[in-house]
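Text of data_16.txt, listed as compact mmCIF, C-alpha atoms:
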# COMPACT_ATOMS: atom_id res chain seq x y z
CA MET A 212 53.83 -1.73 -6.59
CA SER A 213 54.70 1.83 -7.61
CA GLU A 214 58.10 3.39 -7.04
CA ARG A 215 56.42 5.92 -4.74
CA TRP A 216 55.08 3.21 -2.42
CA ALA A 217 58.35 1.27 -2.61
CA ARG A 218 60.29 4.32 -1.49
CA ARG A 219 57.80 4.84 1.34
CA LEU A 220 58.54 1.31 2.50
CA LEU A 221 62.27 1.93 2.28
CA SER A 222 61.85 5.07 4.36
CA LEU A 223 59.62 3.24 6.85
CA TYR A 224 62.30 0.62 7.46
CA GLY A 225 64.99 3.29 7.63
CA ILE A 226 67.14 1.82 4.91
CA ALA A 227 67.01 4.25 2.00
CA GLY A 228 70.60 5.17 1.28
CA SER A 229 71.93 3.79 4.55
CA ALA A 230 73.93 0.82 5.78
CA ALA A 231 71.25 -0.21 8.28
CA PHE A 232 69.92 -2.93 6.01
CA PRO A 233 72.14 -6.01 5.53
CA PHE A 234 71.63 -6.17 1.76
CA VAL A 235 72.75 -2.67 0.79
CA GLY A 236 76.01 -4.03 -0.61
CA PRO A 237 77.81 -1.07 -2.20
CA TYR A 238 77.48 1.26 0.78
CA VAL A 239 78.62 -1.33 3.30
CA ALA A 240 81.48 -2.51 1.08
CA TYR A 241 82.61 1.06 0.55
CA ARG A 242 82.55 1.86 4.26
CA ALA A 243 84.54 -1.30 5.01
CA SER A 244 87.10 -0.71 2.26
CA ARG A 245 87.97 2.94 2.84
CA GLY A 246 91.73 3.27 3.04
CA LYS A 247 92.18 0.13 0.91
CA GLU A 248 90.67 1.42 -2.31
CA ASP A 249 91.99 2.92 -5.53
CA ARG A 250 92.06 6.60 -4.57
CA GLN A 251 92.50 7.72 -8.17
CA ARG A 252 89.14 6.16 -9.03
CA ARG A 253 87.20 7.13 -5.92
CA ARG A 254 84.79 9.33 -7.90
CA GLU A 255 83.41 6.23 -9.60
CA ARG A 256 81.80 5.38 -6.25
CA TYR A 257 79.69 8.48 -6.72
CA GLY A 258 78.64 7.51 -10.24
CA VAL A 259 81.19 9.69 -12.04
CA ALA A 260 82.24 7.70 -15.10
CA GLY A 261 85.90 7.04 -15.76
CA GLN A 262 85.37 6.42 -19.49
CA GLU A 263 83.10 7.36 -22.38
CA ARG A 264 80.05 5.24 -23.14
CA PRO A 265 80.54 3.23 -26.34
CA ASN A 266 77.99 3.29 -29.14
CA GLY A 267 75.42 0.53 -29.40
CA PRO A 268 73.81 -1.70 -26.77
CA VAL A 269 75.50 -1.96 -23.38
CA ILE A 270 74.97 -4.58 -20.70
CA TRP A 271 75.82 -3.66 -17.13
CA ILE A 272 77.09 -6.65 -15.14
CA HIS A 273 77.86 -6.39 -11.44
CA ALA A 274 79.97 -8.83 -9.41
CA ALA A 275 80.68 -7.72 -5.86
CA SER A 276 84.03 -9.34 -5.09
CA VAL A 277 86.61 -11.86 -6.27
CA GLY A 278 84.44 -14.97 -6.10
CA GLU A 279 81.52 -13.44 -7.98
CA THR A 280 83.87 -11.88 -10.53
CA GLY A 281 85.51 -15.20 -11.31
CA ALA A 282 82.09 -16.82 -11.64
CA VAL A 283 80.77 -14.38 -14.24
CA ILE A 284 83.89 -14.11 -16.40
CA PRO A 285 82.93 -17.10 -18.63
CA LEU A 286 79.44 -15.59 -18.96
CA ILE A 287 80.94 -12.23 -19.95
CA GLU A 288 83.18 -13.88 -22.53
CA ARG A 289 80.16 -15.51 -24.16
CA ILE A 290 78.32 -12.17 -24.25
CA LEU A 291 81.34 -10.46 -25.80
CA ASP A 292 81.44 -13.19 -28.45
CA VAL A 293 78.03 -12.09 -29.78
CA GLY A 294 79.10 -8.46 -30.12
CA ILE A 295 77.66 -6.71 -27.07
CA ARG A 296 79.63 -4.21 -24.97
CA VAL A 297 79.88 -4.89 -21.24
CA VAL A 298 80.35 -2.47 -18.38
CA LEU A 299 81.51 -4.57 -15.44
CA THR A 300 81.35 -3.15 -11.92
CA THR A 301 82.96 -4.61 -8.84
CA GLY A 302 83.33 -3.39 -5.28
CA THR A 303 86.94 -4.17 -4.36
CA VAL A 304 90.45 -3.42 -5.57
CA THR A 305 91.20 -7.15 -5.59
CA SER A 306 88.34 -7.92 -7.94
CA ALA A 307 89.35 -5.00 -10.16
CA LYS A 308 92.79 -6.58 -10.47
CA ILE A 309 91.22 -9.91 -11.47
CA VAL A 310 89.21 -8.14 -14.18
CA GLU A 311 92.33 -6.44 -15.55
CA GLU A 312 94.31 -9.69 -15.58
CA ARG A 313 91.65 -11.90 -17.15
CA LEU A 314 89.60 -9.56 -19.34
CA GLY A 315 91.88 -6.59 -19.95
CA HIS A 316 90.28 -4.01 -22.23
CA GLN A 317 87.58 -6.36 -23.48
CA VAL A 318 85.22 -4.84 -20.90
CA ILE A 319 84.85 -1.42 -19.33
CA HIS A 320 85.52 -1.77 -15.62
CA GLN A 321 84.07 0.68 -13.11
CA TYR A 322 83.73 0.61 -9.34
CA VAL A 323 80.11 0.13 -8.40
CA PRO A 324 78.32 3.32 -7.35
CA LEU A 325 77.07 3.70 -3.81
CA ASP A 326 73.43 2.77 -3.38
CA LEU A 327 72.53 6.43 -2.99
CA LYS A 328 70.17 8.12 -5.44
CA PRO A 329 72.53 10.83 -6.77
CA ALA A 330 75.32 8.31 -7.39
CA VAL A 331 73.04 5.73 -9.00
CA GLU A 332 71.26 8.27 -11.22
CA ARG A 333 74.57 9.76 -12.36
CA PHE A 334 75.87 6.27 -13.21
CA LEU A 335 72.72 5.32 -15.14
CA ASP A 336 72.51 8.67 -16.95
CA HIS A 337 75.99 8.12 -18.35
CA TRP A 338 75.99 4.40 -19.17
CA GLN A 339 72.32 3.99 -20.13
CA PRO A 340 72.44 0.18 -19.88
CA ASP A 341 70.05 -1.86 -22.00
CA LEU A 342 70.19 -4.76 -19.54
CA ALA A 343 71.45 -5.17 -15.96
CA ILE A 344 72.82 -8.52 -14.79
CA ILE A 345 73.55 -8.89 -11.09
CA ALA A 346 75.55 -11.78 -9.62
CA GLU A 347 74.56 -13.81 -6.57
CA SER A 348 72.96 -11.76 -3.77
CA GLU A 349 73.59 -8.06 -4.35
CA ILE A 350 70.15 -6.58 -3.65
CA TRP A 351 70.32 -2.76 -3.52
CA PRO A 352 67.01 -0.96 -3.02
CA THR A 353 67.88 2.39 -4.63
CA THR A 354 69.57 0.82 -7.65
CA ILE A 355 66.79 -1.69 -8.25
CA LEU A 356 64.11 1.00 -8.09
CA ALA A 357 66.06 3.36 -10.37
CA LEU A 358 66.50 0.64 -12.99
CA GLY A 359 62.83 -0.30 -12.65
CA LYS A 360 61.75 3.30 -13.20
CA ARG A 361 63.83 3.40 -16.40
CA ARG A 362 62.35 0.05 -17.50
CA VAL A 363 65.78 -1.56 -17.74
CA PRO A 364 65.41 -5.37 -17.43
CA GLN A 365 67.21 -6.70 -14.36
CA VAL A 366 68.31 -10.34 -14.14
CA LEU A 367 69.85 -11.93 -11.07
CA VAL A 368 72.23 -14.77 -12.04
CA ASN A 369 73.88 -17.38 -9.85
CA GLY A 370 71.40 -16.18 -7.25
CA ARG A 371 71.60 -17.37 -3.69
CA LEU A 372 70.09 -16.43 -0.34
CA SER A 373 71.82 -17.43 2.87
CA ASP A 374 69.78 -18.57 5.87
CA ARG A 375 70.36 -15.22 7.54
CA SER A 376 69.42 -13.14 4.50
CA PHE A 377 66.27 -15.16 3.85
CA LYS A 378 65.10 -14.76 7.45
CA SER A 379 65.74 -11.01 7.27
CA TRP A 380 63.68 -10.69 4.10
CA GLN A 381 60.85 -12.79 5.57
CA LYS A 382 60.47 -10.22 8.36
CA ARG A 383 59.82 -7.57 5.69
CA PRO A 384 57.54 -9.26 3.13
CA HIS A 385 56.12 -6.04 1.69
CA LEU A 386 59.59 -4.63 1.17
CA ALA A 387 60.73 -7.89 -0.45
CA GLU A 388 57.78 -7.74 -2.85
CA ALA A 389 58.45 -4.08 -3.67
CA LEU A 390 62.02 -4.89 -4.69
CA PHE A 391 61.87 -8.39 -6.15
CA GLU A 392 58.97 -7.57 -8.45
CA ASN A 393 61.44 -5.34 -10.33
CA LEU A 394 63.54 -8.36 -11.31
CA ALA A 395 62.70 -9.63 -14.79
CA PHE A 396 64.24 -13.05 -14.08
CA VAL A 397 66.07 -14.85 -11.28
CA VAL A 398 68.48 -17.66 -12.15
CA ALA A 399 69.18 -19.40 -8.84
CA GLN A 400 72.08 -21.64 -7.85
CA SER A 401 70.03 -24.40 -6.21
CA GLU A 402 66.46 -25.59 -5.75
CA LEU A 403 66.50 -24.25 -2.18
CA ASP A 404 67.64 -20.82 -3.38
CA GLY A 405 64.97 -20.91 -6.08
CA GLU A 406 62.22 -21.68 -3.57
CA ARG A 407 63.41 -18.86 -1.34
CA PHE A 408 63.32 -16.32 -4.16
CA ARG A 409 59.82 -17.47 -5.14
CA ALA A 410 58.66 -17.19 -1.53
CA LEU A 411 59.83 -13.56 -1.51
CA GLY A 412 57.84 -12.71 -4.62
CA ALA A 413 60.38 -13.10 -7.45
CA ARG A 414 58.91 -14.29 -10.77
CA PRO A 415 59.97 -16.07 -12.90
CA VAL A 416 62.68 -18.16 -11.22
CA THR A 417 64.72 -20.97 -12.72
CA VAL A 418 67.61 -23.05 -11.35
CA SER A 419 70.93 -23.24 -13.20
CA GLY A 420 73.45 -24.64 -10.73
CA ASN A 421 76.53 -22.73 -9.65
CA LEU A 422 78.35 -20.71 -12.32
CA LYS A 423 81.60 -21.14 -10.37
CA LEU A 424 81.56 -24.78 -11.40
CA ASP A 425 81.91 -23.79 -15.05
CA THR A 426 85.03 -21.72 -14.54
CA ASP A 427 88.61 -22.86 -15.15
CA PRO A 428 90.83 -23.94 -12.25
CA PRO A 429 92.42 -20.93 -10.52
CA PRO A 430 95.48 -19.70 -12.44
CA PHE A 431 99.02 -19.61 -11.06
CA ASP A 432 102.52 -18.40 -11.83
CA PRO A 433 104.51 -21.47 -13.01
CA ARG A 434 107.86 -19.87 -12.15
CA MET A 435 106.73 -19.06 -8.62
CA HIS A 436 105.32 -22.55 -8.22
CA LYS A 437 108.59 -24.11 -9.34
CA ARG A 438 110.55 -21.99 -6.87
CA LEU A 439 108.31 -22.77 -3.89
CA ALA A 440 107.99 -26.46 -4.78
CA SER A 441 111.78 -26.68 -4.90
CA GLN A 442 112.09 -25.06 -1.47
CA ILE A 443 109.39 -27.29 0.03
CA ASN A 444 110.96 -30.33 -1.62
CA ASP A 445 109.46 -33.55 -0.22
CA ARG A 446 107.99 -32.11 2.98
CA GLU A 447 104.44 -33.09 3.88
CA THR A 448 102.00 -30.19 3.50
CA TRP A 449 98.44 -29.20 4.25
CA ALA A 450 96.67 -25.87 3.78
CA ALA A 451 94.12 -23.77 5.63
CA VAL A 452 92.70 -21.40 3.01
CA SER A 453 90.26 -18.49 2.97
CA THR A 454 90.65 -18.31 6.73
CA HIS A 455 88.93 -15.74 8.94
CA PRO A 456 90.02 -14.33 12.33
CA GLY A 457 90.50 -17.15 14.81
CA GLU A 458 91.09 -19.82 12.18
CA GLU A 459 94.76 -18.95 11.68
CA GLU A 460 95.17 -19.60 15.40
CA ILE A 461 93.42 -22.96 14.96
CA ALA A 462 95.71 -23.81 12.02
CA GLY A 463 98.76 -22.91 14.12
CA GLU A 464 97.61 -25.17 16.94
CA VAL A 465 96.89 -27.99 14.50
CA HIS A 466 100.40 -27.58 13.11
CA ALA A 467 101.86 -27.91 16.63
CA GLN A 468 99.91 -31.15 17.14
CA LEU A 469 100.92 -32.56 13.77
CA LYS A 470 104.60 -31.67 14.16
CA SER A 471 105.21 -34.43 16.70
CA ARG A 472 103.77 -37.06 14.34
CA HIS A 473 104.91 -35.66 10.99
CA GLU A 474 108.47 -34.43 11.14
CA GLY A 475 109.15 -31.47 8.87
CA ILE A 476 105.48 -30.81 8.09
CA LEU A 477 104.68 -27.45 6.46
CA THR A 478 101.39 -25.66 7.04
CA ILE A 479 100.16 -23.23 4.38
CA ILE A 480 97.80 -20.54 5.66
CA VAL A 481 95.97 -18.28 3.21
CA PRO A 482 93.86 -15.58 4.92
CA ARG A 483 90.65 -14.60 3.16
CA HIS A 484 91.81 -10.99 3.45
CA PRO A 485 95.56 -10.74 2.67
CA GLU A 486 95.81 -7.30 4.27
CA ARG A 487 95.63 -9.10 7.63
CA GLY A 488 99.05 -10.57 6.91
CA ASP A 489 100.94 -8.45 9.47
CA ALA A 490 98.57 -9.39 12.30
CA VAL A 491 98.45 -13.07 11.36
CA ALA A 492 102.26 -13.32 11.07
CA ALA A 493 102.72 -11.61 14.45
CA ASP A 494 100.24 -13.93 16.16
CA LEU A 495 101.85 -17.06 14.70
CA ALA A 496 105.31 -15.84 15.76
CA LYS A 497 104.05 -15.33 19.32
CA ARG A 498 103.09 -18.98 19.31
CA GLY A 499 106.67 -19.93 18.52
CA LEU A 500 106.11 -20.72 14.87
CA SER A 501 108.56 -19.76 12.15
CA VAL A 502 106.71 -17.97 9.31
CA ALA A 503 107.68 -17.27 5.70
CA ARG A 504 105.53 -14.54 4.18
CA GLN A 505 104.89 -14.79 0.47
CA SER A 506 104.15 -11.05 0.26
CA LEU A 507 107.76 -10.40 1.37
CA ASN A 508 109.14 -13.12 -0.89
CA GLU A 509 110.65 -14.88 2.13
CA PRO A 510 112.10 -18.33 1.34
CA VAL A 511 110.58 -21.49 2.76
CA ARG A 512 113.63 -22.82 4.57
CA PRO A 513 113.62 -26.28 6.19
CA ASP A 514 112.93 -24.79 9.64
CA VAL A 515 109.88 -22.78 8.49
CA ASP A 516 106.64 -23.98 10.05
CA VAL A 517 104.15 -21.86 8.12
CA LEU A 518 104.05 -20.46 4.60
CA LEU A 519 101.74 -17.46 4.91
CA GLY A 520 99.98 -16.81 1.62
CA ASP A 521 99.25 -13.12 2.17
CA THR A 522 99.09 -12.14 -1.50
CA ILE A 523 96.21 -11.36 -3.84
CA GLY A 524 95.07 -13.70 -6.60
CA ASP A 525 97.42 -16.60 -5.82
CA MET A 526 94.99 -19.22 -4.54
CA GLY A 527 95.83 -21.41 -7.53
CA LEU A 528 99.50 -21.30 -6.51
CA TYR A 529 98.92 -22.31 -2.89
CA LEU A 530 96.46 -25.08 -3.69
CA ARG A 531 98.95 -26.64 -6.11
CA LEU A 532 101.47 -26.98 -3.26
CA THR A 533 99.31 -29.41 -1.29
CA GLU A 534 96.75 -32.20 -1.60
CA ILE A 535 94.77 -31.34 1.56
CA ALA A 536 92.83 -28.09 2.05
CA PHE A 537 90.79 -26.93 5.02
CA MET A 538 88.23 -24.28 4.00
CA GLY A 539 87.87 -21.32 6.35
CA ARG A 540 84.92 -19.35 7.71
CA SER A 541 83.55 -22.69 8.80
CA MET A 542 84.95 -23.14 12.31
CA ALA A 543 85.62 -19.71 13.82
CA GLY A 544 83.30 -18.05 11.31
CA GLN A 545 79.85 -18.77 9.93
CA GLY A 546 78.72 -19.75 6.45
CA GLY A 547 81.79 -21.48 5.04
CA GLN A 548 83.87 -20.77 1.93
CA ASN A 549 83.40 -22.18 -1.55
CA PRO A 550 85.21 -25.55 -1.93
CA ILE A 551 85.02 -25.63 -5.72
CA GLU A 552 88.56 -24.41 -6.46
CA PRO A 553 90.38 -27.07 -4.39
CA ALA A 554 88.01 -29.71 -5.74
CA MET A 555 88.90 -28.69 -9.31
CA LEU A 556 92.56 -29.35 -8.47
CA GLU A 557 91.87 -32.85 -7.07
CA THR A 558 92.44 -31.72 -3.50
CA ALA A 559 90.93 -33.49 -0.50
CA VAL A 560 88.57 -30.95 1.10
CA LEU A 561 88.08 -30.53 4.85
CA SER A 562 85.80 -27.99 6.48
CA GLY A 563 84.15 -27.05 9.74
CA GLU A 564 80.45 -27.69 10.13
CA ASN A 565 79.25 -24.10 9.50
CA VAL A 566 78.85 -24.27 5.71
CA GLN A 567 75.32 -22.92 5.33
CA ASN A 568 76.22 -20.59 2.46
CA PHE A 569 77.44 -23.50 0.32
CA ARG A 570 75.15 -26.23 1.63
CA ASP A 571 74.32 -27.75 -1.74
CA THR A 572 77.94 -27.90 -2.95
CA TYR A 573 79.22 -29.47 0.27
CA SER A 574 76.35 -31.98 0.32
CA GLN A 575 77.28 -33.25 -3.13
CA LEU A 576 81.01 -33.30 -2.37
CA ILE A 577 80.46 -35.21 0.87
CA GLU A 578 78.09 -37.67 -0.82
CA GLY A 579 80.67 -38.22 -3.57
CA GLY A 580 83.49 -38.78 -1.09
CA GLY A 581 85.47 -35.63 -1.92
CA ALA A 582 84.94 -33.68 1.30
CA ARG A 583 84.62 -34.24 5.04
CA LEU A 584 83.35 -31.99 7.82
CA VAL A 585 85.19 -31.77 11.14
CA LYS A 586 83.75 -30.52 14.42
CA ASP A 587 86.78 -28.89 16.05
CA ARG A 588 90.55 -28.45 15.91
CA GLU A 589 91.20 -31.91 17.38
CA MET A 590 89.14 -33.55 14.65
CA LEU A 591 90.86 -31.37 12.05
CA ALA A 592 94.30 -32.44 13.27
CA GLY A 593 93.19 -36.07 13.23
CA ALA A 594 91.76 -35.82 9.73
CA VAL A 595 94.89 -34.15 8.32
CA SER A 596 97.14 -36.72 10.00
CA PHE A 597 95.03 -39.61 8.68
CA LEU A 598 95.15 -38.29 5.12
CA LEU A 599 98.91 -37.69 5.29
CA ASN A 600 99.42 -41.26 6.49
CA ASN A 601 97.17 -42.82 3.84
CA ASP A 602 98.20 -41.86 0.32
CA ALA A 603 95.59 -44.05 -1.38
CA VAL A 604 92.71 -42.57 0.66
CA ARG A 605 93.96 -39.02 0.09
CA HIS A 606 94.26 -39.50 -3.66
CA LYS A 607 90.88 -41.21 -3.86
CA MET A 608 89.29 -38.32 -1.98
CA GLY A 609 90.87 -35.74 -4.30
CA ALA A 610 89.76 -37.67 -7.37
CA ALA A 611 86.22 -37.88 -5.96
CA ALA A 612 86.16 -34.12 -5.40
CA PHE A 613 87.21 -33.52 -9.00
CA ALA A 614 84.65 -36.00 -10.36
CA THR A 615 81.86 -34.40 -8.34
CA VAL A 616 82.65 -30.96 -9.72
CA GLU A 617 82.71 -32.32 -13.26
CA ASP A 618 79.26 -33.87 -12.75
CA MET A 619 77.91 -30.56 -11.42
CA ARG A 620 78.92 -28.48 -14.44
CA GLY A 621 76.44 -27.02 -16.93
CA ALA A 622 75.28 -23.86 -15.15
CA LEU A 623 76.77 -21.57 -17.81
CA ASP A 624 74.72 -23.02 -20.67
CA ARG A 625 71.55 -23.03 -18.56
CA THR A 626 72.14 -19.40 -17.56
CA LEU A 627 72.71 -18.36 -21.18
CA ARG A 628 69.44 -20.02 -22.20
CA ALA A 629 67.64 -18.03 -19.52
CA LEU A 630 69.31 -14.81 -20.67
CA ASP A 631 68.70 -15.36 -24.39
CA PRO A 632 65.32 -13.52 -24.52
CA PHE A 633 67.07 -10.45 -23.09
CA ILE A 634 70.35 -10.65 -25.03
CA HIS A 635 69.13 -11.70 -28.48
CA PRO A 636 67.25 -8.42 -29.17
CA LEU A 637 70.42 -6.53 -28.25
CA VAL A 638 72.44 -8.64 -30.69
CA VAL A 639 69.99 -7.73 -33.46
CA LYS A 640 70.15 -4.06 -32.45
CA ALA A 641 73.97 -4.11 -32.41
CA ARG A 642 74.10 -5.62 -35.92
CA LEU A 643 71.64 -3.07 -37.26
CA GLU A 644 73.77 -0.28 -35.80
CA GLY A 645 76.97 -1.71 -37.22
CA GLY A 646 78.39 -3.61 -34.23
CA PHE A 647 80.72 -2.11 -31.66
CA GLY A 648 81.04 1.65 -31.48
Before we go any further, please render this structure as structure tokens.
Amino acid sequence: MSERWARRLLSLYGIAGSAAFPFVGPYVAYRASRGKEDRQRRRERYGVAGQERPNGPVIWIHAASVGETGAVIPLIERILDVGIRVVLTTGTVTSAKIVEERLGHQVIHQYVPLDLKPAVERFLDHWQPDLAIIAESEIWPTTILALGKRRVPQVLVNGRLSDRSFKSWQKRPHLAEALFENLAFVVAQSELDGERFRALGARPVTVSGNLKLDTDPPPFDPRMHKRLASQINDRETWAAVSTHPGEEEIAGEVHAQLKSRHEGILTIIVPRHPERGDAVAADLAKRGLSVARQSLNEPVRPDVDVLLGDTIGDMGLYLRLTEIAFMGRSMAGQGGQNPIEPAMLETAVLSGENVQNFRDTYSQLIEGGGARLVKDREMLAGAVSFLLNNDAVRHKMGAAAFATVEDMRGALDRTLRALDPFIHPLVVKARLEGGFG
């Protein structure tokens, strides 16, 4: 399908350069993040480059947020090893911080341009990428069409389609075809995701598994861990992590139920969005709970009920303070949160039943004995209490979670094999031109 007809379809559905369509990631993310962004780099959202383009081949890799960024870092490191420059775009300040901490100046980081034609064209005119690699489910009509017009190969890696997204695309089959036919390759997370991409017109499609399984366990600050572990001492702990609105309230109520059976218990709550810390702390205090906020460096005294992990990039710290983790966005929210990080740290995983976005991962963890789903707060309180009372069961569950993750690894090598026909010619070109510019 020609770009002209594709743009007619976009106009027909009223989505060209607007936030009306659920998949126009950059515009929606930008609208949601205004006031929380890096003001000094705001122009990058409009495609204005913050650095010069290096000589030689350049691969543009996009990872929307923290999870996607962490997933593609090992892939980026392998690409850098063969001598290709990488421009990495992300959509949030948090993910930008992760890039700086883990990759430093090895890559050129930019904030992703809005999915508006002037911004996208300005970005592409400057960077002139030889290949575009997109992580997970960032489908932007204007960007895809602009890359297609310039004949830049586009590969979707770690691809997934949620139930909601797939149903939305199915209602617009001609639009799906107009966009997905521009993808040179789709590397999907699971067989279900692969079938969904094929049904929408993507060709070719292969299945790699989840790249997040091939990452290292989340990092942590050893000095901070030592300090908190000393303050917590031998108190029993459990954590509710990546929580969404309503789930902090549930965690607080679970804590109140557990307190009568487990004297001195400490609940660790880690909101998915740390900027909600003020509101979460205030709500917990209204419920009569004593809260220590990590963002304020408040000590975890013996009378503290809740350690509120309202800081960025410290999930590895909080998970290492407990052996039981409830994953958020699964009880008050929809879709679930990725359980891979706690599983990597031999943590017993609990979750609500709404885990559609990570169905395959949870299925394998549950089958292997590393995770359990709970229906409501009463079942959650019961499950936490049971695991606290049964050390052998808790440790067995954590070990099973770790073993399941180990068995599921291998996505990185499979993804690199799929990318080789696109990357190898760039390696040859880079060597002919004398390597990095």
Within 6 Å of Gly546 of chain A using all atoms listed in the file, minus same-chain residues under 3 positions, as a short mmCIF file (atom, residue, chain, number, x, y, z; two decimals) with C-alpha atoms, keeping the file's coordinate frame:
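To be explicit, this is the file written out as selection_1.cif:
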data_model
loop_
_atom_site.label_atom_id
_atom_site.label_comp_id
_atom_site.auth_asym_id
_atom_site.auth_seq_id
_atom_site.Cartn_x
_atom_site.Cartn_y
_atom_site.Cartn_z
CA ASN A 565 79.25 -24.10 9.50
CA VAL A 566 78.85 -24.27 5.71
CA GLN A 567 75.32 -22.92 5.33
CA ASN A 568 76.22 -20.59 2.46
#
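Counting all atoms listed in the file, the residue from A:Arg438, A:Ala592, A:Val511, A:Ala554 that sits nearest to Ser471 of chain A is A:Ala592.
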Which residues of segment 536-613 of chain A come within 8 Å of segment 454-463 of chain A, and for each one, what is the closest pair of atoms and their distance in Å to one decimal, counting only C-alpha atoms, sorted by chain and residue number, as JSON lines?
{"residue": "A:Met538", "atom": "CA", "partner": "A:Thr454", "partner_atom": "CA", "distance": 7.0}
{"residue": "A:Gly539", "atom": "CA", "partner": "A:Thr454", "partner_atom": "CA", "distance": 4.1}
{"residue": "A:Arg540", "atom": "CA", "partner": "A:His455", "partner_atom": "CA", "distance": 5.5}
{"residue": "A:Met542", "atom": "CA", "partner": "A:Glu458", "partner_atom": "CA", "distance": 7.0}
{"residue": "A:Ala543", "atom": "CA", "partner": "A:Gly457", "partner_atom": "CA", "distance": 5.6}
{"residue": "A:Gly544", "atom": "CA", "partner": "A:His455", "partner_atom": "CA", "distance": 6.5}
{"residue": "A:Arg588", "atom": "CA", "partner": "A:Ile461", "partner_atom": "CA", "distance": 6.3}
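When only C-alpha atoms are used to measure the gap to Asn444 of chain A, the shortest distance among A:Arg375, A:Val491, A:Leu576, A:Arg512 belongs to A:Arg512.
For the choices A:Ile523, A:Ile479, A:Ile355, A:Ala450, the atom-to-atom distance to Val502 of chain A is smallest for A:Ile479 when using only C-alpha atoms.
The space between atom CA of Gly267 of chain A and atom CA of Thr300 of chain A spans 18.8 Å.
For the atom pair formed by atom CA of Pro268 of chain A and atom CA of Leu637 of chain A, the distance is 6.1 Å, given to one decimal.
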Would you give me, as a tab-separated table, each residue of segment 547-624 of chain A having an atom within 12 Å of an atom of segment 282-296 of chain A, along with its shortest atom pair and that distance in Å to one decimal, using all atoms listed in the file and sorting by chain and residue number?
residue	atom	partner	partner_atom	distance
A:Asn549	CA	A:Ala282	CA	11.5
A:Ile551	CA	A:Ala282	CA	11.0
A:Glu552	CA	A:Ala282	CA	11.2
A:Gly621	CA	A:Pro285	CA	12.0
A:Ala622	CA	A:Leu286	CA	10.0
A:Leu623	CA	A:Leu286	CA	6.6
A:Asp624	CA	A:Leu286	CA	9.0
Quick one: which segment 354-462 of chain A residues come within 9 Å of segment 327-337 of chain A, and what is the nearest atom pair for each with the distance in Å to one decimal, counting only C-alpha atoms, rows ordered by chain and ascending number, as CSV?
residue,atom,partner,partner_atom,distance
A:Thr354,CA,A:Val331,CA,6.2
A:Ala357,CA,A:Glu332,CA,7.2
A:Leu358,CA,A:Leu335,CA,8.1
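Those residues that approach Val397 of chain A to within 6 Å, counting all atoms listed in the file, are Val366, Leu367 and Val416 of chain A; same-chain residues fewer than 3 positions away are not listed.
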Selection: 6 Å around segment 527-533 of chain A, only C-alpha atoms, excl. self and same-chain fewer than 2 positions, as an mmCIF file with C-alpha atoms, keeping the file's coordinate frame:
data_model
loop_
_atom_site.group_PDB
_atom_site.id
_atom_site.type_symbol
_atom_site.label_atom_id
_atom_site.label_comp_id
_atom_site.auth_asym_id
_atom_site.auth_seq_id
_atom_site.Cartn_x
_atom_site.Cartn_y
_atom_site.Cartn_z
ATOM 1 C CA PRO A 429 92.420 -20.930 -10.520
ATOM 2 C CA PRO A 430 95.480 -19.700 -12.440
ATOM 3 C CA PHE A 431 99.020 -19.610 -11.060
ATOM 4 C CA THR A 448 102.000 -30.190 3.500
ATOM 5 C CA TRP A 449 98.440 -29.200 4.250
ATOM 6 C CA ASP A 525 97.420 -16.600 -5.820
ATOM 7 C CA ILE A 535 94.770 -31.340 1.560
#
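Here atom CA of Ala413 of chain A stands at a distance of 26.3 Å from atom CA of Val277 of chain A.
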